[in-house]
file work.cif (mmCIF, C-alpha atoms)
data_query
#
loop_
_atom_site.label_atom_id
_atom_site.label_comp_id
_atom_site.auth_asym_id
_atom_site.auth_seq_id
_atom_site.Cartn_x
_atom_site.Cartn_y
_atom_site.Cartn_z
CA MET A 1381 -40.25 33.33 67.38
CA PRO A 1382 -43.91 34.10 66.67
CA VAL A 1383 -46.17 31.18 65.97
CA ILE A 1384 -48.80 31.35 63.24
CA THR A 1385 -51.86 29.18 63.75
CA PHE A 1386 -53.79 28.25 60.62
CA GLN A 1387 -56.43 25.54 60.35
CA ASP A 1388 -55.48 24.25 63.82
CA VAL A 1389 -51.78 23.79 62.99
CA ASP A 1390 -48.94 25.90 64.45
CA TYR A 1391 -46.15 27.19 62.19
CA GLU A 1392 -43.00 28.88 63.53
CA CYS A 1393 -42.30 32.12 61.73
CA ALA A 1394 -38.59 32.93 61.23
CA PRO A 1395 -37.35 36.44 62.10
CA SER A 1396 -38.41 39.01 59.48
CA GLU A 1397 -40.24 36.31 57.53
CA THR A 1398 -43.69 37.16 56.15
CA VAL A 1399 -46.71 35.00 56.86
CA LEU A 1400 -46.81 34.05 53.19
CA ASP A 1401 -43.10 33.08 53.13
CA CYS A 1402 -43.62 31.06 56.29
CA PHE A 1403 -46.50 29.14 54.70
CA ILE A 1404 -44.54 28.56 51.49
CA ARG A 1405 -41.54 27.28 53.50
CA HIS A 1406 -43.82 24.87 55.35
CA GLY A 1407 -45.49 23.69 52.15
CA VAL A 1408 -48.84 25.25 53.07
CA SER A 1409 -50.72 26.46 50.03
CA ILE A 1410 -52.72 29.70 50.15
CA PRO A 1411 -53.70 31.91 47.18
CA HIS A 1412 -51.00 34.44 46.33
CA SER A 1413 -49.56 36.20 43.31
CA CYS A 1414 -47.55 39.45 43.26
CA GLN A 1415 -46.02 39.05 46.73
CA SER A 1416 -45.75 42.80 47.09
CA GLY A 1417 -49.11 43.98 48.40
CA VAL A 1418 -50.64 44.96 45.07
CA CYS A 1419 -52.87 42.13 43.92
CA HIS A 1420 -54.59 41.30 47.24
CA SER A 1421 -54.69 37.58 46.34
CA CYS A 1422 -53.25 36.60 49.72
CA LEU A 1423 -55.91 38.39 51.78
CA MET A 1424 -56.28 36.76 55.18
CA LEU A 1425 -58.08 37.42 58.43
CA ALA A 1426 -56.44 37.68 61.88
CA LEU A 1427 -58.49 35.96 64.56
CA ASN A 1428 -56.73 37.13 67.73
CA GLY A 1429 -56.63 40.89 67.50
CA ALA A 1430 -55.23 43.47 65.12
CA PRO A 1431 -52.50 42.40 62.67
CA PRO A 1432 -49.48 44.71 62.09
CA ALA A 1433 -50.62 47.96 60.44
CA GLU A 1434 -48.13 47.67 57.55
CA ALA A 1435 -49.80 44.39 56.56
CA GLN A 1436 -53.08 46.29 55.97
CA LYS A 1437 -51.74 48.89 53.54
CA GLY A 1438 -54.10 49.54 50.63
CA LEU A 1439 -57.05 47.62 52.12
CA LYS A 1440 -60.45 49.24 52.50
CA THR A 1441 -60.86 50.76 55.94
CA THR A 1442 -63.67 48.36 56.84
CA LEU A 1443 -61.46 45.38 55.98
CA GLN A 1444 -58.76 46.89 58.20
CA ALA A 1445 -61.23 47.37 61.02
CA ASN A 1446 -62.24 43.73 60.74
CA HIS A 1447 -58.56 42.65 60.97
CA TYR A 1448 -58.02 41.57 57.39
CA PHE A 1449 -54.42 41.75 56.20
CA LEU A 1450 -52.13 40.73 53.34
CA ALA A 1451 -50.02 37.66 54.12
CA CYS A 1452 -47.22 38.85 51.80
CA LEU A 1453 -46.76 42.09 53.79
CA CYS A 1454 -47.26 40.67 57.25
CA ARG A 1455 -44.20 40.19 59.49
CA PRO A 1456 -45.79 39.17 62.78
CA GLN A 1457 -44.23 40.44 66.01
CA ALA A 1458 -46.45 38.25 68.16
CA ASP A 1459 -48.33 34.97 67.79
CA LEU A 1460 -51.05 35.18 65.19
CA ALA A 1461 -54.09 33.00 64.48
CA VAL A 1462 -55.28 33.39 60.89
CA THR A 1463 -57.86 32.16 58.43
CA LEU A 1464 -58.80 32.72 54.81
CA PRO A 1465 -61.63 35.11 53.89
CA GLY A 1466 -64.99 33.56 53.16
CA ARG A 1467 -64.64 31.63 56.37
CA ASP A 1468 -65.79 34.70 58.23
CA VAL A 1469 -65.77 34.56 61.98
CA THR A 1470 -69.51 34.30 62.26
CA HIS A 1471 -71.51 32.59 64.93
CA ARG A 1472 -75.04 31.36 65.14
CA VAL A 1473 -77.30 32.19 68.04
CA SER A 1474 -80.93 31.75 68.94
CA ALA A 1475 -82.95 34.96 69.24
CA ARG A 1476 -86.42 35.75 70.52
CA VAL A 1477 -88.81 38.00 68.63
CA ILE A 1478 -89.66 40.84 71.01
CA ASP A 1479 -91.44 43.21 68.65
CA LYS A 1480 -93.07 43.16 65.24
CA THR A 1481 -94.26 46.49 63.82
CA MET A 1482 -95.33 47.50 60.31
CA LEU A 1483 -93.20 50.39 58.97
CA ASN A 1484 -95.30 50.84 55.82
CA ASP A 1485 -97.74 48.71 53.83
CA THR A 1486 -95.16 46.11 52.86
CA THR A 1487 -92.30 46.33 55.36
CA VAL A 1488 -92.22 44.94 58.88
CA ARG A 1489 -89.68 45.73 61.57
CA LEU A 1490 -88.54 42.74 63.61
CA ARG A 1491 -86.78 43.28 66.90
CA LEU A 1492 -84.86 40.30 68.16
CA GLN A 1493 -83.21 39.64 71.49
CA PRO A 1494 -80.26 37.26 71.02
CA GLU A 1495 -79.93 34.73 73.84
CA THR A 1496 -76.14 35.08 73.93
CA ALA A 1497 -73.89 38.01 73.10
CA PHE A 1498 -73.93 38.92 69.42
CA PRO A 1499 -71.32 41.60 68.59
CA TYR A 1500 -71.61 43.34 65.20
CA ARG A 1501 -71.16 46.67 63.44
CA PRO A 1502 -74.22 48.66 62.34
CA GLY A 1503 -74.84 48.03 58.65
CA GLN A 1504 -73.58 44.45 58.62
CA PHE A 1505 -76.07 41.71 57.84
CA VAL A 1506 -77.17 38.37 59.28
CA ASN A 1507 -78.60 35.18 57.89
CA LEU A 1508 -81.93 34.44 59.49
CA TYR A 1509 -82.95 30.77 59.67
CA ARG A 1510 -86.48 29.43 59.83
CA TYR A 1511 -87.19 26.25 61.87
CA ASP A 1512 -86.79 24.12 58.71
CA GLY A 1513 -83.42 25.57 57.71
CA LEU A 1514 -84.69 28.05 55.11
CA ALA A 1515 -82.34 31.06 55.30
CA ARG A 1516 -82.34 34.64 54.01
CA SER A 1517 -80.03 37.61 54.58
CA TYR A 1518 -81.20 40.80 56.31
CA SER A 1519 -79.26 43.92 57.22
CA LEU A 1520 -79.04 45.21 60.76
CA ALA A 1521 -80.62 48.63 61.37
CA SER A 1522 -79.77 48.69 65.08
CA LEU A 1523 -76.76 49.97 67.01
CA PRO A 1524 -75.06 47.59 69.44
CA GLN A 1525 -73.62 50.33 71.65
CA HIS A 1526 -76.82 51.34 73.46
CA GLY A 1527 -78.21 47.92 74.20
CA GLU A 1528 -80.71 48.10 71.33
CA PRO A 1529 -82.20 44.75 70.32
CA LEU A 1530 -81.27 43.54 66.85
CA GLU A 1531 -83.49 45.24 64.28
CA LEU A 1532 -84.29 43.88 60.80
CA HIS A 1533 -86.60 45.34 58.14
CA VAL A 1534 -88.37 42.72 56.07
CA ARG A 1535 -90.28 43.62 52.94
CA CYS A 1536 -93.00 41.17 51.95
CA LEU A 1537 -92.08 39.92 48.50
CA GLN A 1538 -94.67 38.30 46.29
CA GLY A 1539 -94.04 34.57 46.47
CA GLY A 1540 -91.19 35.10 48.93
CA GLN A 1541 -91.22 32.06 51.23
CA MET A 1542 -89.31 33.63 54.09
CA SER A 1543 -90.82 37.12 53.96
CA THR A 1544 -94.36 35.73 53.71
CA TRP A 1545 -93.70 33.49 56.71
CA ILE A 1546 -92.25 36.40 58.71
CA HIS A 1547 -95.17 38.66 57.85
CA GLN A 1548 -97.97 36.14 58.32
CA GLU A 1549 -96.84 33.52 60.82
CA LEU A 1550 -93.90 34.61 62.94
CA LYS A 1551 -95.11 35.94 66.29
CA VAL A 1552 -93.69 37.84 69.24
CA ASP A 1553 -91.92 35.39 71.63
CA ASP A 1554 -91.17 32.94 68.81
CA HIS A 1555 -87.52 32.01 68.34
CA VAL A 1556 -85.41 32.17 65.20
CA SER A 1557 -81.76 31.38 64.61
CA ILE A 1558 -79.42 34.05 63.28
CA GLU A 1559 -75.90 33.75 61.93
CA GLY A 1560 -73.43 36.57 61.47
CA PRO A 1561 -72.31 39.25 61.45
CA ILE A 1562 -71.38 39.40 57.76
CA GLY A 1563 -70.28 42.16 55.41
CA ASN A 1564 -67.98 45.15 55.09
CA CYS A 1565 -70.50 47.95 54.66
CA PHE A 1566 -70.20 49.93 57.91
CA TYR A 1567 -68.81 53.17 59.38
CA VAL A 1568 -65.20 53.45 60.53
CA PRO A 1569 -64.29 56.63 62.44
CA ASP A 1570 -60.91 57.13 60.76
CA GLN A 1571 -61.72 60.46 59.08
CA PRO A 1572 -64.28 62.40 61.13
CA GLN A 1573 -64.24 65.33 58.69
CA GLN A 1574 -64.93 63.31 55.55
CA PRO A 1575 -68.29 64.01 53.89
CA LEU A 1576 -70.55 60.95 53.78
CA LEU A 1577 -73.20 60.07 51.22
CA LEU A 1578 -75.68 57.32 52.07
CA ALA A 1579 -78.20 56.32 49.41
CA GLY A 1580 -80.73 53.52 49.63
CA THR A 1581 -83.96 52.32 48.10
CA GLY A 1582 -86.78 50.53 49.91
CA CYS A 1583 -85.53 48.66 52.95
CA GLY A 1584 -81.98 49.44 51.83
CA ILE A 1585 -82.55 52.19 54.36
CA ALA A 1586 -82.19 49.63 57.18
CA PRO A 1587 -78.37 49.35 57.12
CA LEU A 1588 -78.08 53.06 56.31
CA TRP A 1589 -80.18 53.96 59.38
CA GLY A 1590 -77.63 52.02 61.42
CA ILE A 1591 -74.57 53.42 59.65
CA MET A 1592 -75.83 57.01 59.83
CA ARG A 1593 -76.67 56.84 63.54
CA ASP A 1594 -73.38 55.08 64.25
CA ALA A 1595 -71.43 57.86 62.48
CA LEU A 1596 -73.29 60.62 64.34
CA ASP A 1597 -73.06 58.71 67.61
CA GLN A 1598 -69.30 58.42 67.18
CA GLY A 1599 -69.06 62.18 66.68
CA HIS A 1600 -68.66 62.36 62.90
CA GLU A 1601 -68.09 66.05 62.09
CA GLY A 1602 -68.28 66.17 58.29
CA PRO A 1603 -71.59 66.45 56.45
CA VAL A 1604 -73.73 63.31 56.36
CA TYR A 1605 -76.23 63.20 53.46
CA LEU A 1606 -78.83 60.46 53.44
CA PHE A 1607 -81.12 59.84 50.44
CA HIS A 1608 -84.02 57.40 50.60
CA GLY A 1609 -85.64 56.55 47.27
CA SER A 1610 -88.97 54.91 46.42
CA PHE A 1611 -91.49 54.86 43.58
CA THR A 1612 -94.13 56.54 45.70
CA LYS A 1613 -94.48 58.15 49.08
CA ALA A 1614 -96.03 54.96 50.44
CA GLY A 1615 -92.73 53.12 50.01
CA LEU A 1616 -90.79 55.44 52.31
CA TYR A 1617 -90.63 55.07 56.09
CA PHE A 1618 -88.72 56.55 59.05
CA VAL A 1619 -89.47 60.00 57.58
CA ASP A 1620 -90.27 61.54 60.98
CA GLU A 1621 -87.33 59.83 62.68
CA MET A 1622 -84.96 61.07 59.95
CA ARG A 1623 -86.29 64.61 60.22
CA ALA A 1624 -85.95 64.54 63.99
CA THR A 1625 -82.35 63.39 63.58
CA ALA A 1626 -81.70 66.26 61.16
CA GLU A 1627 -82.99 68.71 63.75
CA ARG A 1628 -80.70 67.30 66.38
CA TYR A 1629 -77.56 67.10 64.20
CA PRO A 1630 -76.84 70.17 62.03
CA ASN A 1631 -74.40 68.18 59.87
CA PHE A 1632 -77.09 65.62 58.92
CA ARG A 1633 -79.21 66.19 55.84
CA TYR A 1634 -82.09 63.92 54.86
CA THR A 1635 -83.60 63.84 51.36
CA PRO A 1636 -86.55 61.54 50.69
CA CYS A 1637 -87.00 61.02 46.93
CA VAL A 1638 -90.06 59.70 45.10
CA ASP A 1639 -90.22 58.82 41.40
CA GLU A 1640 -93.83 59.98 41.24
CA GLY A 1641 -95.35 62.81 43.22
CA ASN A 1642 -96.15 66.49 43.33
CA GLY A 1643 -93.56 67.60 45.85
CA GLU A 1644 -95.90 67.49 48.84
CA ASP A 1645 -94.42 67.00 52.33
CA ASP A 1646 -91.06 68.24 51.04
CA PHE A 1647 -90.39 65.02 49.18
CA THR A 1648 -88.06 65.55 46.26
CA VAL A 1649 -89.52 64.26 43.00
CA GLY A 1650 -87.03 62.33 40.90
CA ARG A 1651 -85.14 59.07 40.81
CA ILE A 1652 -82.63 58.82 43.62
CA ASP A 1653 -79.54 58.68 41.36
CA LYS A 1654 -80.65 61.81 39.48
CA VAL A 1655 -81.43 63.66 42.70
CA VAL A 1656 -78.01 62.80 44.14
CA ALA A 1657 -76.27 63.81 40.90
CA SER A 1658 -77.97 67.19 40.82
CA MET A 1659 -77.43 67.96 44.52
CA LEU A 1660 -73.91 66.57 44.80
CA PRO A 1661 -72.21 66.81 41.40
CA ASN A 1662 -68.68 66.55 42.81
CA LEU A 1663 -67.95 63.64 45.15
CA LYS A 1664 -64.18 63.84 45.25
CA GLY A 1665 -63.07 62.91 48.75
CA TRP A 1666 -66.48 61.56 49.81
CA ARG A 1667 -67.22 58.19 51.36
CA ILE A 1668 -70.25 56.53 49.84
CA PHE A 1669 -72.62 53.84 51.15
CA LEU A 1670 -75.13 52.33 48.70
CA CYS A 1671 -77.79 49.80 49.74
CA GLY A 1672 -80.88 48.45 48.03
CA VAL A 1673 -81.94 47.01 44.69
CA PRO A 1674 -78.94 45.82 42.66
CA GLU A 1675 -79.67 47.98 39.57
CA MET A 1676 -79.64 51.14 41.66
CA VAL A 1677 -76.58 50.10 43.68
CA LYS A 1678 -74.55 49.15 40.59
CA GLY A 1679 -75.65 52.22 38.67
CA MET A 1680 -74.74 54.54 41.53
CA GLN A 1681 -71.47 52.75 42.19
CA ARG A 1682 -70.57 53.86 38.69
CA SER A 1683 -72.10 57.34 38.80
CA THR A 1684 -70.57 58.24 42.19
CA PHE A 1685 -67.18 56.97 41.01
CA LEU A 1686 -67.43 59.07 37.84
CA ALA A 1687 -68.44 62.02 40.04
CA GLY A 1688 -65.04 61.78 41.71
CA ALA A 1689 -65.33 59.35 44.65
CA SER A 1690 -62.43 56.95 44.98
CA MET A 1691 -63.20 53.25 44.42
CA GLN A 1692 -61.67 52.60 47.87
CA ASP A 1693 -64.33 54.82 49.41
CA ILE A 1694 -67.43 53.27 47.82
CA TYR A 1695 -69.22 50.65 49.91
CA ALA A 1696 -71.98 48.81 48.10
CA ASP A 1697 -74.48 46.34 49.50
CA PRO A 1698 -76.93 45.22 46.82
CA PHE A 1699 -79.93 43.15 47.83
CA GLY A 1700 -83.31 42.39 46.35
CA MET B 160 -27.31 50.59 41.19
CA THR B 161 -29.94 52.07 38.92
CA GLN B 162 -33.49 52.18 40.17
CA SER B 163 -36.15 50.19 38.37
CA LEU B 164 -38.90 51.96 36.47
CA TYR B 165 -41.31 50.89 39.22
CA GLU B 166 -39.17 52.61 41.87
CA ARG B 167 -38.64 55.74 39.77
CA ILE B 168 -42.33 56.07 38.98
CA GLY B 169 -43.25 55.86 42.68
CA GLY B 170 -44.12 52.20 43.31
CA GLU B 171 -47.33 51.12 44.96
CA ALA B 172 -48.31 54.71 45.85
CA ALA B 173 -48.19 55.61 42.16
CA VAL B 174 -50.39 52.63 41.29
CA ASN B 175 -52.92 53.66 43.94
CA ALA B 176 -52.94 57.25 42.70
CA ALA B 177 -53.29 56.16 39.08
CA VAL B 178 -55.98 53.51 39.34
CA ASP B 179 -58.99 55.77 40.03
CA ILE B 180 -57.95 58.29 37.38
CA PHE B 181 -57.26 55.61 34.79
CA TYR B 182 -60.47 53.64 35.46
CA ARG B 183 -62.54 56.84 35.35
CA LYS B 184 -61.04 57.79 31.99
CA VAL B 185 -61.73 54.34 30.58
CA LEU B 186 -65.37 54.35 31.76
CA ALA B 187 -65.92 57.83 30.37
CA ASP B 188 -64.39 56.92 26.99
CA ASP B 189 -67.23 56.14 24.55
CA ARG B 190 -64.87 54.20 22.30
CA ILE B 191 -64.30 51.49 24.93
CA SER B 192 -66.72 51.96 27.82
CA ARG B 193 -69.09 49.27 26.47
CA PHE B 194 -66.45 46.62 27.22
CA PHE B 195 -66.73 47.59 30.89
CA GLU B 196 -70.52 47.29 31.23
CA ASP B 197 -71.82 44.67 33.66
CA VAL B 198 -68.51 44.07 35.40
CA ASP B 199 -67.93 43.96 39.14
CA MET B 200 -66.35 47.38 39.60
CA GLU B 201 -64.31 46.51 42.65
CA ARG B 202 -62.85 43.45 40.99
CA GLN B 203 -62.22 45.43 37.83
CA ALA B 204 -60.35 48.09 39.84
CA GLU B 205 -58.14 45.34 41.31
CA LYS B 206 -57.40 44.05 37.81
CA GLN B 207 -56.49 47.52 36.67
CA LYS B 208 -54.13 47.87 39.61
CA GLY B 209 -52.48 44.68 38.41
CA PHE B 210 -52.24 46.06 34.88
CA LEU B 211 -50.79 49.39 36.05
CA THR B 212 -48.26 47.61 38.26
CA PHE B 213 -47.23 45.58 35.22
CA ALA B 214 -46.98 48.67 32.99
CA PHE B 215 -44.89 50.41 35.66
CA GLY B 216 -42.47 47.49 35.61
CA GLY B 217 -43.53 46.38 39.08
CA PRO B 218 -43.85 42.91 40.57
CA ASN B 219 -46.39 40.86 38.69
CA ASN B 220 -46.87 37.51 37.14
CA TYR B 221 -48.72 38.43 33.99
CA THR B 222 -48.27 35.91 31.20
CA GLY B 223 -49.21 36.11 27.56
CA LYS B 224 -51.56 33.20 28.15
CA ASP B 225 -53.43 35.09 30.92
CA MET B 226 -53.72 38.10 28.62
CA ARG B 227 -55.21 35.97 25.85
CA GLU B 228 -57.63 34.12 28.07
CA GLY B 229 -58.65 37.24 29.97
CA HIS B 230 -59.58 39.15 26.84
CA ALA B 231 -60.88 36.36 24.56
CA HIS B 232 -64.52 37.14 25.36
CA LEU B 233 -63.91 40.78 24.44
CA VAL B 234 -62.19 39.89 21.17
CA GLU B 235 -65.36 37.97 20.33
CA ARG B 236 -67.29 41.17 20.96
CA GLY B 237 -65.10 43.06 18.51
CA LEU B 238 -62.10 44.23 20.55
CA ASN B 239 -59.47 45.48 18.08
CA ASP B 240 -56.45 47.75 17.64
CA SER B 241 -58.51 50.93 17.86
CA HIS B 242 -59.68 49.96 21.36
CA PHE B 243 -56.18 49.01 22.43
CA ASP B 244 -55.00 52.41 21.16
CA ALA B 245 -57.72 54.10 23.24
CA VAL B 246 -56.53 52.31 26.40
CA MET B 247 -52.94 53.33 25.65
CA GLU B 248 -54.10 56.93 25.24
CA ASN B 249 -55.90 56.83 28.59
CA LEU B 250 -52.82 55.35 30.25
CA GLY B 251 -50.63 58.15 28.88
CA ALA B 252 -53.16 60.84 29.87
CA THR B 253 -53.38 59.38 33.41
CA LEU B 254 -49.63 59.52 33.90
CA LYS B 255 -49.46 63.04 32.47
CA GLU B 256 -52.15 64.11 34.93
CA LEU B 257 -49.97 62.72 37.72
CA ASN B 258 -47.00 64.72 36.41
CA VAL B 259 -44.95 61.65 35.58
CA PRO B 260 -41.98 62.72 33.41
CA ASP B 261 -42.34 61.98 29.67
CA GLU B 262 -39.44 59.53 29.50
CA LEU B 263 -41.01 57.38 32.24
CA ILE B 264 -44.38 57.53 30.49
CA ALA B 265 -42.66 56.29 27.34
CA GLU B 266 -41.13 53.36 29.24
CA ALA B 267 -44.46 52.39 30.78
CA ALA B 268 -46.19 52.73 27.42
CA ALA B 269 -43.62 50.43 25.82
CA ILE B 270 -44.29 47.74 28.44
CA ALA B 271 -48.06 48.05 28.00
CA GLU B 272 -47.64 48.02 24.21
CA SER B 273 -45.83 44.67 24.45
CA THR B 274 -49.12 42.99 25.39
CA ARG B 275 -51.00 44.13 22.26
CA ASN B 276 -50.91 40.87 20.31
CA ASP B 277 -51.77 38.76 23.32
CA VAL B 278 -54.66 41.00 24.34
CA LEU B 279 -56.04 40.99 20.80
CA GLY B 280 -55.57 37.22 20.51
CA ARG B 281 -53.14 37.24 17.59
#
call {"tool": "encode", "arguments": {"input": "work.cif", "output": "structure tokens"}}
result
Amino acid sequence: MPVITFQDVDYECAPSETVLDCFIRHGVSIPHSCQSGVCHSCLMLALNGAPPAEAQKGLKTTLQANHYFLACLCRPQADLAVTLPGRDVTHRVSARVIDKTMLNDTTVRLRLQPETAFPYRPGQFVNLYRYDGLARSYSLASLPQHGEPLELHVRCLQGGQMSTWIHQELKVDDHVSIEGPIGNCFYVPDQPQQPLLLAGTGCGIAPLWGIMRDALDQGHEGPVYLFHGSFTKAGLYFVDEMRATAERYPNFRYTPCVDEGNGEDDFTVGRIDKVVASMLPNLKGWRIFLCGVPEMVKGMQRSTFLAGASMQDIYADPFG
Amino acid sequence: MTQSLYERIGGEAAVNAAVDIFYRKVLADDRISRFFEDVDMERQAEKQKGFLTFAFGGPNNYTGKDMREGHAHLVERGLNDSHFDAVMENLGATLKELNVPDELIAEAAAIAESTRNDVLGR
């Protein structure tokens, strides 16, 4: 009989019993409600490999890829170690700053070399800790598959303790502590033909740079549209890199958008949500990634849904 | 043995097919869209799945008390019969769009209708 390990205790699972039934029989309390895979209250995370596929029905593809499952649908065939969500399997490692480069007037790129292995998916984020314990979240712009160092984009915020410290004091060869990976905003190669829309403002482009390159690197065949929005031209960066990528991959289309401007350098003038709506009025069947300021992310979560994208296919990562 | 409404209507697959259509109709409906401003859309979609499962006679543990508590803040903002009617209309239109037979739509509507007084806090 398979054994389920939860919070360091082993529970024997009877034949054809679900994980939830097994817990209930043993008097172990976990959140649950409908017991039929609809309400998702009993969402859990498998720690030792993929859970049975039928226990992942109806979950977002990124949750499936990260081995989340529904306890009420899960009839384990083999031993299973599980935990509740929110206790993500993150780890904390020390990392050395190996490069610090300004991307525009206000945004710096940090490259970090972790001292021990740090697996992640492009687009996930990490918590970065200062020596005194101050912590902030930053998205990963790098790809793990080609040995790239971890890459974070940090915008200097007025009065921002962490960003000011990173910009003014942190030096190459200093060490920081990072914890992660966290988040479910990343590419999963389950539908290589599906059209992708990636839209970000400011350094919301960091995770999208990772997600876009990951998709193309994994051979995504459908169109990949990336929109980067900013008030002015000065707020954009990676313009040359994006254009070079578009030359290399015919299915990749890059649209930099500025709220104010005269259309020079082929920048589209208009707010990012309006530009997307006019270029892509019908998003039925698309997968959407939205990163950046919360007002934009929430507004576009709604507008892309109303334009036909399924809620299951919209991945949103708001940050300030 | 006769099949339950939930089985006849298509079970979980029907709920999944209906939720996007239903939520989109609700958001696009000027009569009620203001009640859906400033909500976490993913969480709201999960709640609507729960509601549709309930209306389809599926497994659920909705109680009148939950319905009252869940909508009390909206009743304070003026939620009334006309808004409930609008939701019922959107539910019917969603099922029609999915080619659900009229008699099953009527059954689902009757279940949803049974929550009216609880939702409106009466």
call {"tool": "residues_around", "arguments": {"input": "work.cif", "residues": "Asp199 in chain B", "least_positions_apart": "2", "cutoff": "12 Å", "atoms": "all atoms listed in the file", "output": "PyMOL selection string"}}
result
(chain A and resi 1674+1677-1679+1681-1682+1691+1696+1698) or (chain B and resi 195-197+201-206)
call {"tool": "write_last_selection", "arguments": {"input": "work.cif", "atoms": "C-alpha atoms", "output": "short mmCIF file (atom, residue, chain, number, x, y, z; two decimals), in the frame of the given file"}}
result
data_model
loop_
_atom_site.label_atom_id
_atom_site.label_comp_id
_atom_site.auth_asym_id
_atom_site.auth_seq_id
_atom_site.Cartn_x
_atom_site.Cartn_y
_atom_site.Cartn_z
CA PRO A 1674 -78.94 45.82 42.66
CA VAL A 1677 -76.58 50.10 43.68
CA LYS A 1678 -74.55 49.15 40.59
CA GLY A 1679 -75.65 52.22 38.67
CA GLN A 1681 -71.47 52.75 42.19
CA ARG A 1682 -70.57 53.86 38.69
CA MET A 1691 -63.20 53.25 44.42
CA ALA A 1696 -71.98 48.81 48.10
CA PRO A 1698 -76.93 45.22 46.82
CA PHE B 195 -66.73 47.59 30.89
CA GLU B 196 -70.52 47.29 31.23
CA ASP B 197 -71.82 44.67 33.66
CA GLU B 201 -64.31 46.51 42.65
CA ARG B 202 -62.85 43.45 40.99
CA GLN B 203 -62.22 45.43 37.83
CA ALA B 204 -60.35 48.09 39.84
CA GLU B 205 -58.14 45.34 41.31
CA LYS B 206 -57.40 44.05 37.81
#
call {"tool": "resolve_selection", "arguments": {"input": "work.cif", "expression": "the PyMOL selection byres ((chain A) within 7 of (chain B))", "output": "PyMOL selection string"}}
result
chain A and resi 1413-1414+1416+1418-1419+1686+1690-1691
call {"tool": "axis_aligned_box", "arguments": {"input": "work.cif", "around": "range 1590-1601 of chain A", "padding_each_side": "6 Å", "output": "AutoDock Vina command-line options"}}
result
--center_x -72.9 --center_y 59.0 --center_z 63.6 --size_x 21.5 --size_y 26.0 --size_z 20.0
call {"tool": "closest_residue", "arguments": {"input": "work.cif", "among": "A:Leu1453, A:Ile1591, A:Leu1427, A:Val1649", "to": "Lys1613 in chain A", "atoms": "all atoms listed in the file"}}
result
A:Val1649
call {"tool": "resolve_selection", "arguments": {"input": "work.cif", "expression": "the PyMOL selection byres ((chain B and resi 260-277) around 9)", "output": "tab-separated table (two decimals) with C-alpha atoms, in the coordinates of the input"}}
result
chain	number	residue	atom	x	y	z
B	164	LEU	CA	-38.90	51.96	36.47
B	167	ARG	CA	-38.64	55.74	39.77
B	168	ILE	CA	-42.33	56.07	38.98
B	210	PHE	CA	-52.24	46.06	34.88
B	211	LEU	CA	-50.79	49.39	36.05
B	213	PHE	CA	-47.23	45.58	35.22
B	214	ALA	CA	-46.98	48.67	32.99
B	215	PHE	CA	-44.89	50.41	35.66
B	216	GLY	CA	-42.47	47.49	35.61
B	223	GLY	CA	-49.21	36.11	27.56
B	224	LYS	CA	-51.56	33.20	28.15
B	225	ASP	CA	-53.43	35.09	30.92
B	226	MET	CA	-53.72	38.10	28.62
B	227	ARG	CA	-55.21	35.97	25.85
B	228	GLU	CA	-57.63	34.12	28.07
B	230	HIS	CA	-59.58	39.15	26.84
B	240	ASP	CA	-56.45	47.75	17.64
B	243	PHE	CA	-56.18	49.01	22.43
B	247	MET	CA	-52.94	53.33	25.65
B	250	LEU	CA	-52.82	55.35	30.25
B	251	GLY	CA	-50.63	58.15	28.88
B	254	LEU	CA	-49.63	59.52	33.90
B	255	LYS	CA	-49.46	63.04	32.47
B	258	ASN	CA	-47.00	64.72	36.41
B	259	VAL	CA	-44.95	61.65	35.58
B	278	VAL	CA	-54.66	41.00	24.34
B	279	LEU	CA	-56.04	40.99	20.80
B	280	GLY	CA	-55.57	37.22	20.51
B	281	ARG	CA	-53.14	37.24	17.59
call {"tool": "residues_around", "arguments": {"input": "work.cif", "residues": "range 1622-1634 of chain A", "least_positions_apart": "5", "cutoff": "12 Å", "atoms": "all atoms listed in the file", "output": "compact mmCIF listing (two decimals) with C-alpha atoms, in the frame of the given file"}}
result
# COMPACT_ATOMS: atom_id res chain seq x y z
CA PRO A 1572 -64.28 62.40 61.13
CA GLN A 1573 -64.24 65.33 58.69
CA GLN A 1574 -64.93 63.31 55.55
CA PRO A 1575 -68.29 64.01 53.89
CA LEU A 1576 -70.55 60.95 53.78
CA LEU A 1577 -73.20 60.07 51.22
CA LEU A 1578 -75.68 57.32 52.07
CA ALA A 1579 -78.20 56.32 49.41
CA GLY A 1580 -80.73 53.52 49.63
CA ILE A 1585 -82.55 52.19 54.36
CA LEU A 1588 -78.08 53.06 56.31
CA TRP A 1589 -80.18 53.96 59.38
CA GLY A 1590 -77.63 52.02 61.42
CA MET A 1592 -75.83 57.01 59.83
CA ARG A 1593 -76.67 56.84 63.54
CA ALA A 1595 -71.43 57.86 62.48
CA LEU A 1596 -73.29 60.62 64.34
CA ASP A 1597 -73.06 58.71 67.61
CA GLY A 1599 -69.06 62.18 66.68
CA HIS A 1600 -68.66 62.36 62.90
CA GLU A 1601 -68.09 66.05 62.09
CA GLY A 1602 -68.28 66.17 58.29
CA PRO A 1603 -71.59 66.45 56.45
CA VAL A 1604 -73.73 63.31 56.36
CA TYR A 1605 -76.23 63.20 53.46
CA LEU A 1606 -78.83 60.46 53.44
CA PHE A 1607 -81.12 59.84 50.44
CA HIS A 1608 -84.02 57.40 50.60
CA GLY A 1609 -85.64 56.55 47.27
CA LEU A 1616 -90.79 55.44 52.31
CA TYR A 1617 -90.63 55.07 56.09
CA ASP A 1645 -94.42 67.00 52.33
CA ASP A 1646 -91.06 68.24 51.04
CA PHE A 1647 -90.39 65.02 49.18
CA THR A 1648 -88.06 65.55 46.26
CA VAL A 1656 -78.01 62.80 44.14
CA MET A 1659 -77.43 67.96 44.52
